[in-house]
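Please read the structure below before turning to the comments.
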Amino acid sequence: MNTMSKAINRIRRYFDYKKRKRIFKFVNEKSIYLPYGPKRLEKVRKMLNKLPNVSLGKNCRVEGPIYIVSDLKAGEDCFFGRGFSCLAYGKVNIGNHVSFGAETIISTGNHMYDDNKFHRAGKLYACNVEIKDGCWFGVRTTVVGRKNICINSGVVAAAGSVIIDDVTNDVLVAGVPAVEKKKLFME
C-alpha cells in the first residue's frame, strides 16, 4: 500500500470512528475536494498535511470547498478562500502570509496547440508556480502557467485578473492578461 493510500485510509478511519459526516471527497489518488465550511480548520490543515502532495504551514486557514491536484506547498498564515482550485500538474510553492480570495484558480498544466484540425489540444506540459510572501489575490483571480511563473512579494492581484507572466515586487496588477497598474509603497 503506498503512502497516499495509507493517509487516505487513516483519515477515513478517523471520521468513521467519530461517526461524523465525511467532510472531504477523494477524487483520485492525487486530488482532494473539501466540501465544508470554515469549521474545524486546524483538524483539516493537519489532515491535508498527512497527504504526501500537500504541505500547509502553521495557522493556514482553508474555507471550503477547495480542490487540490498534485503538489502544493504553502508557508505560514495563508488563507485559501471558498472555491480555491489548484490544478497543478507542476509544483506550486506559496510563501508566508498569502491570501487567496474566493474561486481563485492556479493552473500549471497546459497544452501545446497542434496543427491537427480535428484535435487542437496537443501534448500536455507542466509548469511551476512560485508565489512569494505577502501577496493577495482577489476574487476569481486566475494564474495560468504557460511557462514557469514567479509572483514576487507584496503583489496585489485585482479581482478577475489573469496572470500569465512573472510579476515584480510590490505592485497592483489587474486585467486580462494582468498588467502592472500601480506601484505599491510601504509606509
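If you're wondering about the labels, chains in the C-alpha cells are A, B, ... by order shown, residues count from 1 in each chain, ligands from 1 in order shown.
The neighbours of A:Glu130 here are the residues that come within 6 Å of it, using only C-alpha atoms and leaving out any residue fewer than 3 positions away in the same chain; they are Val92, Asn93 and Cys150 of chain A.
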Next on the checklist: For the structure I just gave you, how does DSSP split stretch 26-186 of chain A - specifically, which residues are helix (DSSP H, G or I)? Reply as a ChimeraX atom specification.
Outcome noted: /A:41-50
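In this comparison, which uses only C-alpha atoms, the residue of A:Ile66, A:Val167, A:Val129, A:Ala88 approaching A:Asn53 most closely is A:Ala88.
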Near A:Ile164, within 9 Å and counting only C-alpha atoms, which residues show up once chain neighbours fewer than 6 positions away are dropped, as a PDB file with C-alpha atoms, in the first residue's frame?
ATOM      1  CA  THR A 142      -6.500  33.063 -12.232  1.00  0.00           C
ATOM      2  CA  VAL A 143      -2.821  32.128 -12.538  1.00  0.00           C
ATOM      3  CA  VAL A 144      -2.176  30.281 -15.791  1.00  0.00           C
ATOM      4  CA  GLY A 145       1.172  28.616 -16.268  1.00  0.00           C
ATOM      5  CA  ARG A 146       2.307  28.930 -19.862  1.00  0.00           C
ATOM      6  CA  LYS A 147       5.862  28.772 -18.506  1.00  0.00           C
ATOM      7  CA  ILE A 149       5.918  31.806 -13.202  1.00  0.00           C
ATOM      8  CA  PRO A 177      -3.934  39.444 -19.123  1.00  0.00           C
ATOM      9  CA  ALA A 178      -2.818  41.111 -15.885  1.00  0.00           C
TER      10      ALA A 178
END
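Among the candidate residues A:Trp136, A:Arg120, A:Gly95, A:Ile163, the one lying nearest to A:Thr108 is A:Ile163, with distances computed using only C-alpha atoms.
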Which neighbours of A:Lys91 fall inside 9 Å, counting only C-alpha atoms, when residues of the same chain fewer than 6 positions from it are skipped, and could you give them as a compact mmCIF listing (two decimals) with C-alpha atoms, in the first residue's frame?
# COMPACT_ATOMS: atom_id res chain seq x y z
CA SER A 70 -0.80 17.42 -7.28
CA ASP A 71 1.95 19.25 -5.35
CA LEU A 72 1.06 22.27 -3.20
CA LYS A 73 3.37 23.71 -0.57
CA THR A 108 0.07 24.87 -14.10
CA ALA A 126 3.68 21.18 -16.79
CA CYS A 127 4.96 24.46 -15.37
CA ASN A 128 5.85 25.53 -11.84
CA VAL A 129 4.38 28.50 -9.98
CA GLU A 130 6.13 30.30 -7.15
So which residues touch stretch 156-162 of chain A within 7 Å, counting only C-alpha atoms, skipping near sequence neighbours fewer than 5 positions away, as a compact mmCIF listing (two decimals) with C-alpha atoms, in the first residue's frame?
# COMPACT_ATOMS: atom_id res chain seq x y z
CA CYS A 135 0.65 38.51 -1.82
CA TRP A 136 -3.11 39.00 -2.04
CA PHE A 137 -5.26 37.57 -4.83
CA GLY A 138 -8.76 38.96 -5.27
CA VAL A 139 -11.91 37.02 -6.06
CA ARG A 140 -11.70 34.84 -9.20
CA THR A 141 -8.07 35.63 -9.91
CA THR A 142 -6.50 33.06 -12.23
CA VAL A 143 -2.82 32.13 -12.54
CA VAL A 171 2.72 46.14 -7.49
CA LEU A 172 -1.01 46.08 -8.16
CA VAL A 173 -1.89 44.03 -11.24
CA ALA A 174 -5.25 43.88 -12.98
CA GLY A 175 -6.79 42.87 -16.26
CA VAL A 176 -6.83 40.04 -18.76
CA PRO A 177 -3.93 39.44 -19.12
CA ALA A 178 -2.82 41.11 -15.89
